[in-house]
Amino acid sequence: MKARQPETRFLTVGEVAEMLRVSTMTVYRLIRQGEIPAVRVGKSYRLVKEDFDRYLADRYTRAG
């Protein structure tokens with residue numbers, strides 16, 4: 001029996017902006033600056049939840 005791979009969960013720019021309580025333009029700026037990795041799908045971006053969680057964890061430890 002083959003082990004099942006965990007499914008990757010993607011977040012939209014709007015979802016990330018809502019979680020951070022910032023504008024969508026701020027999230028787009030973070031993507032453009034390479035702060036948060038994102039995947040382009042058509043004309044929109046999707047962020048891997050694990051990448052977003054890592055981004056938050058990195059910022060939390062730097063601030064604390």
# chains A, B, ... in the order shown; residues from 1 in each chain; ligands from 1
$ select_by_dssp --residues "range 2-38 of chain A" --states "alpha helix (DSSP H)" --output "VMD selection string"
chain A and resid 13 to 20 24 to 32
$ select_by_dssp --residues "chain A" --states "strand (DSSP E or B)" --output "MDAnalysis selection string"
chainID A and resid 10:12 39:41 44:48
$ atom_distance --atom1 "CA of Gly34 in chain A" --atom2 "CA of Tyr55 in chain A"
10.9 Å
$ closest_residue --among "A:Ala57, A:Val13, A:Arg46, A:Phe52" --to "Met25 in chain A" --atoms "only C-alpha atoms"
A:Val13
$ residues_around --residues "Asp53 in chain A" --least-positions-apart "4" --cutoff "12 Å" --atoms "only C-alpha atoms" --output "list of chain:residue names"
A:Arg9, A:Phe10, A:Leu11, A:Val16, A:Met19, A:Leu20, A:Ile36, A:Pro37, A:Leu47, A:Val48, A:Lys49, A:Ala57, A:Asp58, A:Arg59, A:Tyr60
$ write_last_selection --atoms "C-alpha atoms" --output "PDB file, in the first residue's frame"
ATOM      1  CA  ARG A   9      -3.114  23.892   0.935  1.00  0.00           C
ATOM      2  CA  PHE A  10      -3.070  27.157  -0.979  1.00  0.00           C
ATOM      3  CA  LEU A  11      -4.170  30.566   0.256  1.00  0.00           C
ATOM      4  CA  VAL A  16      -3.417  36.254   3.589  1.00  0.00           C
ATOM      5  CA  MET A  19      -5.089  37.078   8.343  1.00  0.00           C
ATOM      6  CA  LEU A  20      -2.370  39.748   8.567  1.00  0.00           C
ATOM      7  CA  ILE A  36       6.702  35.424   0.781  1.00  0.00           C
ATOM      8  CA  PRO A  37       6.991  32.834  -2.005  1.00  0.00           C
ATOM      9  CA  LEU A  47       0.562  31.078  -1.468  1.00  0.00           C
ATOM     10  CA  VAL A  48       1.399  27.696   0.034  1.00  0.00           C
ATOM     11  CA  LYS A  49       0.111  27.678   3.608  1.00  0.00           C
ATOM     12  CA  ALA A  57       7.369  32.141  12.383  1.00  0.00           C
ATOM     13  CA  ASP A  58      10.505  33.849  11.044  1.00  0.00           C
ATOM     14  CA  ARG A  59       9.091  37.303  11.756  1.00  0.00           C
ATOM     15  CA  TYR A  60       7.901  36.301  15.214  1.00  0.00           C
TER      16      TYR A  60
END
$ closest_residue --among "A:Arg4, A:Leu56, A:Val39, A:Gly14" --to "Val27 in chain A" --atoms "only C-alpha atoms"
A:Gly14
